[in-house]
Amino acid sequence: MASITDTCYVLKTVNEVLERVGKAPVFQVKLIGLNEEVQNNNGMFSIKPDLMITAITHTDLVIIPSLTGDALAGTYLNKDYATWITEQYKNGAAVASLCTGAFLLAYTGLLSGRECTTHWAYANEFRYYYPDVNLVDEKVITHEHGLYSSGGNNAYWNLLLYLVEKYTNRETVIYIAKFFVVDLDRTDQSPFIVFHGQKNHKDKTILSAQEFIEQHYADRLAIDQIAAHFNITRRTFERRFKKATRDTVLEYIQQVKIEATKKQLEIGRKSIQEVMFEVGYTDVKTFRDLFKKITGMTPNDYRNKYNIG
């Protein structure tokens, strides 16, 4: 609901700001639907679209709000929008998805071979169902060939500001950012990501290997050692692991170690070097570089920002 109401509020506020300085409004905001009334949040909210989808034959911008609950089920319930969205895009409209609305945008096929972001908690699921889309879930927003997307939850504010600047100017977007008290030009959601390995697959051996890595991440794990533990050749193990998890074995080990580091920095009082040794790293530079690559922050900056002690 918030992604719908906030979008309408932002675009209408832009019009008001422009009118106050003697300029014509830029946006004509219409909420369209498949039915005359839609119940949301188990009937807590009722949405009444301005128009039915069949009434709109041309538009300049389509904004897909976030989906509620299970993203795949939400996509299926809204699948009848897909053809209409595709037609609008082919007729020159830009299309933007907010948060998990990326699932519906991907369902249209428009994202095939292109970049997209979504809520980090749904990243594994998204990659599983749409492997042909280049998901960059560390990004707050993406823009490629008139297709836009935003990351998790409140990241849609950054995409809304991005669109406001595209259709107006820098001066207007700065005012809107200040009015709604939103940080402008935020591009990375990596610090907010909680790593959960992709386990929505049926390779039981690889599932066991994932659990083994998560239980022994502090050890000096060698890929040969893990493969031998499960009686598989290294080459076969790496191939099956990548196919099942979308990560290489080394990437998975690194992600697990950094996730363990993040938790220690959030709740513990140990030094960064002590935490580094505990998760199995001995070289400070390698550890810091990897931590920053995955989270977008240095270990020290991360602890200063998120430590609850």
# chains A, B, ... in the order shown; residues from 1 in each chain; ligands from 1
call {"tool": "residues_around", "arguments": {"residues": "A:Gly33", "least_positions_apart": "2", "cutoff": "9 Å", "atoms": "only C-alpha atoms", "output": "VMD selection string"}}
result
chain A and resid 31 35 to 38 48 to 54 81
call {"tool": "write_last_selection", "arguments": {"atoms": "all heavy atoms", "output": "JSON list (two decimals), in the first residue's frame"}}
result
[["chain", "number", "residue", "atom", "x", "y", "z"],
["A", 31, "LEU", "N", -4.44, 5.82, -11.26],
["A", 31, "LEU", "CA", -4.29, 4.47, -10.72],
["A", 31, "LEU", "C", -5.20, 3.55, -11.52],
["A", 31, "LEU", "O", -6.41, 3.76, -11.59],
["A", 31, "LEU", "CB", -4.70, 4.46, -9.24],
["A", 31, "LEU", "CG", -4.44, 3.17, -8.46],
["A", 31, "LEU", "CD1", -2.95, 2.87, -8.39],
["A", 31, "LEU", "CD2", -5.00, 3.31, -7.04],
["A", 35, "ASN", "N", -9.89, -4.59, -11.69],
["A", 35, "ASN", "CA", -11.24, -4.61, -11.09],
["A", 35, "ASN", "C", -11.54, -3.24, -10.50],
["A", 35, "ASN", "O", -10.64, -2.44, -10.26],
["A", 35, "ASN", "CB", -11.31, -5.68, -10.00],
["A", 35, "ASN", "CG", -10.95, -7.05, -10.52],
["A", 35, "ASN", "OD1", -11.64, -7.61, -11.36],
["A", 35, "ASN", "ND2", -9.85, -7.61, -10.01],
["A", 36, "GLU", "N", -12.81, -3.00, -10.26],
["A", 36, "GLU", "CA", -13.23, -1.69, -9.74],
["A", 36, "GLU", "C", -12.81, -1.48, -8.29],
["A", 36, "GLU", "O", -12.75, -0.35, -7.82],
["A", 36, "GLU", "CB", -14.74, -1.53, -9.89],
["A", 36, "GLU", "CG", -15.19, -1.44, -11.35],
["A", 36, "GLU", "CD", -16.67, -1.19, -11.49],
["A", 36, "GLU", "OE1", -17.37, -1.14, -10.45],
["A", 36, "GLU", "OE2", -17.14, -1.03, -12.63],
["A", 37, "GLU", "N", -12.54, -2.56, -7.59],
["A", 37, "GLU", "CA", -12.09, -2.45, -6.20],
["A", 37, "GLU", "C", -11.20, -3.64, -5.88],
["A", 37, "GLU", "O", -11.49, -4.77, -6.25],
["A", 37, "GLU", "CB", -13.28, -2.41, -5.23],
["A", 37, "GLU", "CG", -12.87, -2.20, -3.78],
["A", 37, "GLU", "CD", -14.07, -2.02, -2.85],
["A", 37, "GLU", "OE1", -15.20, -1.86, -3.37],
["A", 37, "GLU", "OE2", -13.87, -2.03, -1.62],
["A", 38, "VAL", "N", -10.11, -3.37, -5.18],
["A", 38, "VAL", "CA", -9.16, -4.42, -4.80],
["A", 38, "VAL", "C", -8.95, -4.37, -3.29],
["A", 38, "VAL", "O", -8.66, -3.32, -2.73],
["A", 38, "VAL", "CB", -7.81, -4.23, -5.52],
["A", 38, "VAL", "CG1", -6.83, -5.33, -5.10],
["A", 38, "VAL", "CG2", -7.99, -4.22, -7.03],
["A", 48, "LYS", "N", -9.43, 1.62, -4.90],
["A", 48, "LYS", "CA", -10.38, 1.86, -5.98],
["A", 48, "LYS", "C", -9.66, 2.59, -7.12],
["A", 48, "LYS", "O", -9.42, 3.79, -7.03],
["A", 48, "LYS", "CB", -11.57, 2.66, -5.47],
["A", 48, "LYS", "CG", -12.40, 1.92, -4.43],
["A", 48, "LYS", "CD", -13.60, 2.72, -3.99],
["A", 48, "LYS", "CE", -14.44, 1.95, -2.97],
["A", 48, "LYS", "NZ", -15.63, 2.70, -2.52],
["A", 49, "PRO", "N", -9.31, 1.88, -8.17],
["A", 49, "PRO", "CA", -8.59, 2.49, -9.29],
["A", 49, "PRO", "C", -9.39, 3.62, -9.95],
["A", 49, "PRO", "O", -10.63, 3.62, -9.91],
["A", 49, "PRO", "CB", -8.39, 1.33, -10.25],
["A", 49, "PRO", "CG", -8.50, 0.09, -9.41],
["A", 49, "PRO", "CD", -9.51, 0.43, -8.36],
["A", 50, "ASP", "N", -8.67, 4.55, -10.54],
["A", 50, "ASP", "CA", -9.32, 5.62, -11.29],
["A", 50, "ASP", "C", -9.94, 5.09, -12.58],
["A", 50, "ASP", "O", -11.01, 5.54, -12.99],
["A", 50, "ASP", "CB", -8.31, 6.72, -11.64],
["A", 50, "ASP", "CG", -7.69, 7.35, -10.41],
["A", 50, "ASP", "OD1", -8.46, 7.83, -9.55],
["A", 50, "ASP", "OD2", -6.46, 7.36, -10.30],
["A", 51, "LEU", "N", -9.23, 4.15, -13.20],
["A", 51, "LEU", "CA", -9.66, 3.62, -14.49],
["A", 51, "LEU", "C", -9.35, 2.13, -14.58],
["A", 51, "LEU", "O", -8.45, 1.63, -13.91],
["A", 51, "LEU", "CB", -8.94, 4.34, -15.64],
["A", 51, "LEU", "CG", -9.20, 5.85, -15.81],
["A", 51, "LEU", "CD1", -8.17, 6.43, -16.76],
["A", 51, "LEU", "CD2", -10.61, 6.09, -16.34],
["A", 52, "MET", "N", -10.10, 1.44, -15.43],
["A", 52, "MET", "CA", -9.76, 0.05, -15.74],
["A", 52, "MET", "C", -8.63, 0.03, -16.76],
["A", 52, "MET", "O", -8.45, 0.96, -17.54],
["A", 52, "MET", "CB", -10.97, -0.69, -16.29],
["A", 52, "MET", "CG", -12.13, -0.87, -15.30],
["A", 52, "MET", "SD", -11.68, -1.85, -13.84],
["A", 52, "MET", "CE", -11.27, -0.55, -12.66],
["A", 53, "ILE", "N", -7.89, -1.03, -16.75],
["A", 53, "ILE", "CA", -6.72, -1.15, -17.61],
["A", 53, "ILE", "C", -7.06, -0.97, -19.09],
["A", 53, "ILE", "O", -6.28, -0.44, -19.87],
["A", 53, "ILE", "CB", -6.03, -2.52, -17.36],
["A", 53, "ILE", "CG1", -4.65, -2.53, -18.01],
["A", 53, "ILE", "CG2", -6.86, -3.67, -17.82],
["A", 53, "ILE", "CD1", -3.83, -3.74, -17.63],
["A", 54, "THR", "N", -8.27, -1.39, -19.49],
["A", 54, "THR", "CA", -8.68, -1.31, -20.89],
["A", 54, "THR", "C", -8.90, 0.12, -21.35],
["A", 54, "THR", "O", -8.95, 0.39, -22.55],
["A", 54, "THR", "CB", -9.96, -2.12, -21.12],
["A", 54, "THR", "OG1", -10.96, -1.69, -20.16],
["A", 54, "THR", "CG2", -9.71, -3.61, -20.94],
["A", 81, "TYR", "N", -1.81, -8.10, -16.23],
["A", 81, "TYR", "CA", -1.19, -6.80, -16.54],
["A", 81, "TYR", "C", -0.03, -6.95, -17.52],
["A", 81, "TYR", "O", 0.36, -5.99, -18.18],
["A", 81, "TYR", "CB", -0.62, -6.17, -15.26],
["A", 81, "TYR", "CG", -1.64, -5.57, -14.33],
["A", 81, "TYR", "CD1", -1.98, -6.21, -13.15],
["A", 81, "TYR", "CD2", -2.23, -4.34, -14.62],
["A", 81, "TYR", "CE1", -2.91, -5.65, -12.28],
["A", 81, "TYR", "CE2", -3.15, -3.76, -13.76],
["A", 81, "TYR", "CZ", -3.49, -4.44, -12.58],
["A", 81, "TYR", "OH", -4.39, -3.89, -11.73]]
call {"tool": "closest_atom_pairs", "arguments": {"of": "stretch 97-157 of chain A", "to": "stretch 1-16 of chain A", "cutoff": "9 Å", "atoms": "only C-alpha atoms", "output": "JSON lines"}}
result
{"residue": "A:Leu98", "atom": "CA", "partner": "A:Ser3", "partner_atom": "CA", "distance": 7.2}
{"residue": "A:Cys99", "atom": "CA", "partner": "A:Ser3", "partner_atom": "CA", "distance": 8.7}
{"residue": "A:Asn153", "atom": "CA", "partner": "A:Ser3", "partner_atom": "CA", "distance": 8.3}
{"residue": "A:Asn154", "atom": "CA", "partner": "A:Ser3", "partner_atom": "CA", "distance": 8.3}
{"residue": "A:Tyr156", "atom": "CA", "partner": "A:Ser3", "partner_atom": "CA", "distance": 7.3}
{"residue": "A:Trp157", "atom": "CA", "partner": "A:Asp6", "partner_atom": "CA", "distance": 8.2}
call {"tool": "closest_residue", "arguments": {"among": "A:Phe179, A:Phe230, A:Tyr302, A:Tyr217", "to": "A:Val17", "atoms": "only C-alpha atoms"}}
result
A:Phe179
call {"tool": "residues_around", "arguments": {"residues": "stretch 88-90 of chain A", "least_positions_apart": "5", "cutoff": "9 Å", "atoms": "only C-alpha atoms", "output": "number ranges by chain"}}
result
A: 57-62, 83, 95, 110, 146-147
call {"tool": "closest_atom_pairs", "arguments": {"of": "stretch 138-241 of chain A", "to": "stretch 125-132 of chain A", "cutoff": "12 Å", "atoms": "only C-alpha atoms", "output": "Markdown table"}}
result
| residue | atom | partner | partner_atom | distance |
| --- | --- | --- | --- | --- |
| A:His196 | CA | A:Glu125 | CA | 10.8 |
| A:Gly197 | CA | A:Glu125 | CA | 10.5 |
| A:Gln198 | CA | A:Glu125 | CA | 7.7 |
| A:Lys199 | CA | A:Glu125 | CA | 9.4 |
| A:Asn200 | CA | A:Glu125 | CA | 7.6 |
| A:His201 | CA | A:Tyr128 | CA | 8.8 |
call {"tool": "closest_residue", "arguments": {"among": "A:Leu34, A:Ile258, A:Val181, A:Val164", "to": "A:Ala218", "atoms": "only C-alpha atoms"}}
result
A:Ile258
call {"tool": "residues_around", "arguments": {"residues": "A:Lys243", "least_positions_apart": "4", "cutoff": "10 Å", "atoms": "only C-alpha atoms", "output": "number ranges by chain"}}
result
A: 201, 203, 206, 237-239, 247-248
call {"tool": "write_last_selection", "arguments": {"atoms": "N, CA, C and O atoms", "output": "PDB file, in the first residue's frame"}}
result
ATOM      1  N   HIS A 201      16.371 -25.669  -4.072  1.00  0.00           N
ATOM      2  CA  HIS A 201      16.747 -26.603  -5.140  1.00  0.00           C
ATOM      3  C   HIS A 201      16.665 -28.024  -4.585  1.00  0.00           C
ATOM      4  O   HIS A 201      16.456 -28.228  -3.385  1.00  0.00           O
ATOM      5  N   ASP A 203      19.017 -30.624  -5.064  1.00  0.00           N
ATOM      6  CA  ASP A 203      20.268 -31.372  -4.987  1.00  0.00           C
ATOM      7  C   ASP A 203      20.632 -31.563  -3.509  1.00  0.00           C
ATOM      8  O   ASP A 203      21.214 -30.691  -2.869  1.00  0.00           O
ATOM      9  N   ILE A 206      24.299 -31.073  -2.420  1.00  0.00           N
ATOM     10  CA  ILE A 206      24.719 -29.667  -2.355  1.00  0.00           C
ATOM     11  C   ILE A 206      24.093 -28.982  -1.144  1.00  0.00           C
ATOM     12  O   ILE A 206      24.742 -28.146  -0.493  1.00  0.00           O
ATOM     13  N   PHE A 237      31.680 -31.285  -8.256  1.00  0.00           N
ATOM     14  CA  PHE A 237      31.159 -30.549  -7.105  1.00  0.00           C
ATOM     15  C   PHE A 237      30.958 -29.077  -7.438  1.00  0.00           C
ATOM     16  O   PHE A 237      29.905 -28.493  -7.163  1.00  0.00           O
ATOM     17  N   GLU A 238      31.947 -28.451  -8.058  1.00  0.00           N
ATOM     18  CA  GLU A 238      31.852 -27.031  -8.388  1.00  0.00           C
ATOM     19  C   GLU A 238      30.728 -26.778  -9.399  1.00  0.00           C
ATOM     20  O   GLU A 238      29.998 -25.786  -9.293  1.00  0.00           O
ATOM     21  N   ARG A 239      30.613 -27.674 -10.366  1.00  0.00           N
ATOM     22  CA  ARG A 239      29.558 -27.509 -11.380  1.00  0.00           C
ATOM     23  C   ARG A 239      28.181 -27.621 -10.753  1.00  0.00           C
ATOM     24  O   ARG A 239      27.304 -26.783 -11.004  1.00  0.00           O
ATOM     25  N   ASP A 247      25.965 -19.504  -6.937  1.00  0.00           N
ATOM     26  CA  ASP A 247      27.254 -19.003  -6.457  1.00  0.00           C
ATOM     27  C   ASP A 247      28.320 -20.055  -6.702  1.00  0.00           C
ATOM     28  O   ASP A 247      28.027 -21.257  -6.674  1.00  0.00           O
ATOM     29  N   THR A 248      29.563 -19.620  -6.889  1.00  0.00           N
ATOM     30  CA  THR A 248      30.654 -20.589  -6.872  1.00  0.00           C
ATOM     31  C   THR A 248      30.866 -21.016  -5.419  1.00  0.00           C
ATOM     32  O   THR A 248      30.395 -20.350  -4.483  1.00  0.00           O
TER      33      THR A 248
END
call {"tool": "closest_residue", "arguments": {"among": "A:Val249, A:Gln189, A:Asn307, A:His229", "to": "A:Ile294", "atoms": "only C-alpha atoms"}}
result
A:Gln189
call {"tool": "select_by_dssp", "arguments": {"residues": "stretch 17-166 of chain A", "states": "strand (DSSP E)", "output": "PyMOL selection string"}}
result
chain A and resi 32-33+38-40+45-47+51-52+61-64+94-97+115-116+134-135+141-144+147-150
call {"tool": "write_last_selection", "arguments": {"atoms": "N, CA and C atoms", "output": "PDB file, in the first residue's frame"}}
result
ATOM      1  N   ILE A  32      -4.592   2.547 -12.174  1.00  0.00           N
ATOM      2  CA  ILE A  32      -5.404   1.672 -13.011  1.00  0.00           C
ATOM      3  C   ILE A  32      -5.447   0.267 -12.416  1.00  0.00           C
ATOM      4  N   GLY A  33      -6.528  -0.458 -12.735  1.00  0.00           N
ATOM      5  CA  GLY A  33      -6.683  -1.797 -12.174  1.00  0.00           C
ATOM      6  C   GLY A  33      -7.433  -2.727 -13.097  1.00  0.00           C
ATOM      7  N   VAL A  38     -10.107  -3.366  -5.178  1.00  0.00           N
ATOM      8  CA  VAL A  38      -9.164  -4.418  -4.801  1.00  0.00           C
ATOM      9  C   VAL A  38      -8.953  -4.373  -3.293  1.00  0.00           C
ATOM     10  N   GLN A  39      -9.109  -5.528  -2.643  1.00  0.00           N
ATOM     11  CA  GLN A  39      -8.866  -5.621  -1.207  1.00  0.00           C
ATOM     12  C   GLN A  39      -7.392  -5.936  -0.976  1.00  0.00           C
ATOM     13  N   ASN A  40      -6.799  -5.257  -0.004  1.00  0.00           N
ATOM     14  CA  ASN A  40      -5.385  -5.458   0.293  1.00  0.00           C
ATOM     15  C   ASN A  40      -5.200  -5.689   1.781  1.00  0.00           C
ATOM     16  N   PHE A  45      -7.356  -2.684   3.783  1.00  0.00           N
ATOM     17  CA  PHE A  45      -7.405  -1.531   2.889  1.00  0.00           C
ATOM     18  C   PHE A  45      -8.163  -1.888   1.624  1.00  0.00           C
ATOM     19  N   SER A  46      -8.842  -0.905   1.076  1.00  0.00           N
ATOM     20  CA  SER A  46      -9.565  -1.078  -0.171  1.00  0.00           C
ATOM     21  C   SER A  46      -9.031  -0.070  -1.184  1.00  0.00           C
ATOM     22  N   ILE A  47      -8.637  -0.574  -2.356  1.00  0.00           N
ATOM     23  CA  ILE A  47      -8.096   0.285  -3.403  1.00  0.00           C
ATOM     24  C   ILE A  47      -9.118   0.403  -4.523  1.00  0.00           C
ATOM     25  N   LEU A  51      -9.227   4.151 -13.200  1.00  0.00           N
ATOM     26  CA  LEU A  51      -9.662   3.620 -14.487  1.00  0.00           C
ATOM     27  C   LEU A  51      -9.351   2.129 -14.580  1.00  0.00           C
ATOM     28  N   MET A  52     -10.100   1.441 -15.433  1.00  0.00           N
ATOM     29  CA  MET A  52      -9.764   0.051 -15.735  1.00  0.00           C
ATOM     30  C   MET A  52      -8.630   0.029 -16.760  1.00  0.00           C
ATOM     31  N   LEU A  61       4.553   6.595 -18.762  1.00  0.00           N
ATOM     32  CA  LEU A  61       5.259   5.951 -17.659  1.00  0.00           C
ATOM     33  C   LEU A  61       4.319   5.000 -16.922  1.00  0.00           C
ATOM     34  N   VAL A  62       4.766   3.775 -16.735  1.00  0.00           N
ATOM     35  CA  VAL A  62       4.029   2.777 -15.960  1.00  0.00           C
ATOM     36  C   VAL A  62       4.841   2.467 -14.709  1.00  0.00           C
ATOM     37  N   ILE A  63       4.224   2.577 -13.544  1.00  0.00           N
ATOM     38  CA  ILE A  63       4.909   2.259 -12.289  1.00  0.00           C
ATOM     39  C   ILE A  63       4.219   1.057 -11.661  1.00  0.00           C
ATOM     40  N   ILE A  64       4.966  -0.018 -11.484  1.00  0.00           N
ATOM     41  CA  ILE A  64       4.442  -1.246 -10.879  1.00  0.00           C
ATOM     42  C   ILE A  64       4.756  -1.207  -9.389  1.00  0.00           C
ATOM     43  N   ALA A  94       8.031   4.286 -20.549  1.00  0.00           N
ATOM     44  CA  ALA A  94       9.016   3.765 -19.607  1.00  0.00           C
ATOM     45  C   ALA A  94       8.257   2.918 -18.577  1.00  0.00           C
ATOM     46  N   VAL A  95       8.926   1.917 -18.026  1.00  0.00           N
ATOM     47  CA  VAL A  95       8.292   1.047 -17.031  1.00  0.00           C
ATOM     48  C   VAL A  95       9.197   0.948 -15.816  1.00  0.00           C
ATOM     49  N   ALA A  96       8.637   1.209 -14.633  1.00  0.00           N
ATOM     50  CA  ALA A  96       9.409   1.156 -13.393  1.00  0.00           C
ATOM     51  C   ALA A  96       8.751   0.192 -12.413  1.00  0.00           C
ATOM     52  N   SER A  97       9.551  -0.649 -11.783  1.00  0.00           N
ATOM     53  CA  SER A  97       9.031  -1.561 -10.764  1.00  0.00           C
ATOM     54  C   SER A  97       9.583  -1.155  -9.410  1.00  0.00           C
ATOM     55  N   GLU A 115      19.576  -5.577 -16.696  1.00  0.00           N
ATOM     56  CA  GLU A 115      19.769  -5.424 -15.258  1.00  0.00           C
ATOM     57  C   GLU A 115      18.463  -5.123 -14.542  1.00  0.00           C
ATOM     58  N   CYS A 116      18.409  -5.557 -13.292  1.00  0.00           N
ATOM     59  CA  CYS A 116      17.238  -5.296 -12.454  1.00  0.00           C
ATOM     60  C   CYS A 116      17.667  -5.464 -11.003  1.00  0.00           C
ATOM     61  N   ASN A 134      19.698 -10.153 -15.312  1.00  0.00           N
ATOM     62  CA  ASN A 134      20.913  -9.839 -14.561  1.00  0.00           C
ATOM     63  C   ASN A 134      20.535  -9.104 -13.280  1.00  0.00           C
ATOM     64  N   LEU A 135      20.281  -9.869 -12.218  1.00  0.00           N
ATOM     65  CA  LEU A 135      19.865  -9.264 -10.949  1.00  0.00           C
ATOM     66  C   LEU A 135      21.074  -8.692 -10.227  1.00  0.00           C
ATOM     67  N   ILE A 141      18.797   1.274  -7.170  1.00  0.00           N
ATOM     68  CA  ILE A 141      17.977   1.433  -8.376  1.00  0.00           C
ATOM     69  C   ILE A 141      18.757   0.975  -9.599  1.00  0.00           C
ATOM     70  N   THR A 142      18.023   0.612 -10.647  1.00  0.00           N
ATOM     71  CA  THR A 142      18.637   0.331 -11.942  1.00  0.00           C
ATOM     72  C   THR A 142      17.843   1.054 -13.024  1.00  0.00           C
ATOM     73  N   HIS A 143      18.527   1.322 -14.129  1.00  0.00           N
ATOM     74  CA  HIS A 143      17.871   1.950 -15.277  1.00  0.00           C
ATOM     75  C   HIS A 143      18.560   1.458 -16.529  1.00  0.00           C
ATOM     76  N   GLU A 144      17.818   0.804 -17.386  1.00  0.00           N
ATOM     77  CA  GLU A 144      18.374   0.303 -18.634  1.00  0.00           C
ATOM     78  C   GLU A 144      17.281   0.247 -19.698  1.00  0.00           C
ATOM     79  N   LEU A 147      13.694   0.879 -18.683  1.00  0.00           N
ATOM     80  CA  LEU A 147      13.180  -0.019 -17.643  1.00  0.00           C
ATOM     81  C   LEU A 147      13.896   0.316 -16.338  1.00  0.00           C
ATOM     82  N   TYR A 148      13.115   0.597 -15.309  1.00  0.00           N
ATOM     83  CA  TYR A 148      13.654   1.002 -14.013  1.00  0.00           C
ATOM     84  C   TYR A 148      13.238  -0.004 -12.945  1.00  0.00           C
ATOM     85  N   SER A 149      14.053  -0.114 -11.903  1.00  0.00           N
ATOM     86  CA  SER A 149      13.665  -0.953 -10.763  1.00  0.00           C
ATOM     87  C   SER A 149      14.300  -0.397  -9.499  1.00  0.00           C
ATOM     88  N   SER A 150      13.698  -0.725  -8.356  1.00  0.00           N
ATOM     89  CA  SER A 150      14.250  -0.282  -7.073  1.00  0.00           C
ATOM     90  C   SER A 150      14.421  -1.481  -6.154  1.00  0.00           C
TER      91      SER A 150
END
call {"tool": "closest_residue", "arguments": {"among": "A:Val173, A:Gly69, A:Asn300, A:Leu105", "to": "A:Trp84", "atoms": "only C-alpha atoms"}}
result
A:Leu105
call {"tool": "residues_around", "arguments": {"residues": "A:Thr108", "least_positions_apart": "5", "cutoff": "8 Å", "atoms": "only C-alpha atoms", "output": "number ranges by chain"}}
result
A: 82-83, 85-86
call {"tool": "write_last_selection", "arguments": {"atoms": "N, CA, C and O atoms", "output": "PDB file, in the first residue's frame"}}
result
ATOM      1  N   ALA A  82       0.554  -8.144 -17.594  1.00  0.00           N
ATOM      2  CA  ALA A  82       1.812  -8.332 -18.318  1.00  0.00           C
ATOM      3  C   ALA A  82       1.724  -7.911 -19.784  1.00  0.00           C
ATOM      4  O   ALA A  82       2.588  -7.185 -20.291  1.00  0.00           O
ATOM      5  N   THR A  83       0.691  -8.363 -20.475  1.00  0.00           N
ATOM      6  CA  THR A  83       0.546  -8.031 -21.896  1.00  0.00           C
ATOM      7  C   THR A  83       0.380  -6.528 -22.085  1.00  0.00           C
ATOM      8  O   THR A  83       0.980  -5.932 -22.990  1.00  0.00           O
ATOM      9  N   ILE A  85       1.427  -4.102 -20.074  1.00  0.00           N
ATOM     10  CA  ILE A  85       2.700  -3.435 -19.786  1.00  0.00           C
ATOM     11  C   ILE A  85       3.645  -3.547 -20.976  1.00  0.00           C
ATOM     12  O   ILE A  85       4.295  -2.574 -21.374  1.00  0.00           O
ATOM     13  N   THR A  86       3.701  -4.732 -21.560  1.00  0.00           N
ATOM     14  CA  THR A  86       4.565  -4.954 -22.724  1.00  0.00           C
ATOM     15  C   THR A  86       4.162  -4.072 -23.894  1.00  0.00           C
ATOM     16  O   THR A  86       5.009  -3.470 -24.576  1.00  0.00           O
TER      17      THR A  86
END
call {"tool": "closest_residue", "arguments": {"among": "A:Leu104, A:Leu207, A:Ala93, A:Ala121", "to": "A:His145", "atoms": "only C-alpha atoms"}}
result
A:Ala93
call {"tool": "closest_residue", "arguments": {"among": "A:Lys285, A:Arg220, A:Arg186, A:Arg235", "to": "A:Gln254", "atoms": "only C-alpha atoms"}}
result
A:Arg220
call {"tool": "select_by_dssp", "arguments": {"residues": "stretch 7-207 of chain A", "states": "alpha helix (DSSP H)", "output": "PyMOL selection string"}}
result
chain A and resi 7-20+71-77+81-90+102-107+123-129+156-167+170-179+204-207
call {"tool": "atom_distance", "arguments": {"atom1": "atom CA of A:Gly296", "atom2": "atom CA of A:Gln273"}}
result
18.8 Å
call {"tool": "decode", "arguments": {"residues": "stretch 244-270 of chain A", "atoms": "C-alpha atoms", "output": "PDB file, in the first residue's frame"}}
result
ATOM      1  CA  ALA A 244      22.094 -25.201  -7.534  1.00  0.00           C
ATOM      2  CA  THR A 245      23.072 -22.079  -5.596  1.00  0.00           C
ATOM      3  CA  ARG A 246      23.962 -19.557  -8.359  1.00  0.00           C
ATOM      4  CA  ASP A 247      27.254 -19.003  -6.457  1.00  0.00           C
ATOM      5  CA  THR A 248      30.654 -20.589  -6.872  1.00  0.00           C
ATOM      6  CA  VAL A 249      31.850 -22.564  -3.845  1.00  0.00           C
ATOM      7  CA  LEU A 250      34.394 -19.848  -3.041  1.00  0.00           C
ATOM      8  CA  GLU A 251      31.770 -17.081  -3.298  1.00  0.00           C
ATOM      9  CA  TYR A 252      29.482 -19.013  -0.982  1.00  0.00           C
ATOM     10  CA  ILE A 253      32.224 -19.541   1.611  1.00  0.00           C
ATOM     11  CA  GLN A 254      33.092 -15.842   1.476  1.00  0.00           C
ATOM     12  CA  GLN A 255      29.454 -14.772   1.838  1.00  0.00           C
ATOM     13  CA  VAL A 256      28.959 -17.026   4.867  1.00  0.00           C
ATOM     14  CA  LYS A 257      32.141 -15.732   6.522  1.00  0.00           C
ATOM     15  CA  ILE A 258      31.201 -12.086   5.947  1.00  0.00           C
ATOM     16  CA  GLU A 259      27.663 -12.662   7.220  1.00  0.00           C
ATOM     17  CA  ALA A 260      29.132 -14.149  10.403  1.00  0.00           C
ATOM     18  CA  THR A 261      31.433 -11.120  10.657  1.00  0.00           C
ATOM     19  CA  LYS A 262      28.498  -8.722  10.319  1.00  0.00           C
ATOM     20  CA  LYS A 263      26.643 -10.424  13.170  1.00  0.00           C
ATOM     21  CA  GLN A 264      29.724 -10.229  15.390  1.00  0.00           C
ATOM     22  CA  LEU A 265      30.184  -6.545  14.606  1.00  0.00           C
ATOM     23  CA  GLU A 266      26.504  -5.848  15.304  1.00  0.00           C
ATOM     24  CA  ILE A 267      26.331  -7.454  18.738  1.00  0.00           C
ATOM     25  CA  GLY A 268      29.890  -7.997  19.972  1.00  0.00           C
ATOM     26  CA  ARG A 269      32.637  -5.938  21.527  1.00  0.00           C
ATOM     27  CA  LYS A 270      35.600  -7.798  20.046  1.00  0.00           C
TER      28      LYS A 270
END
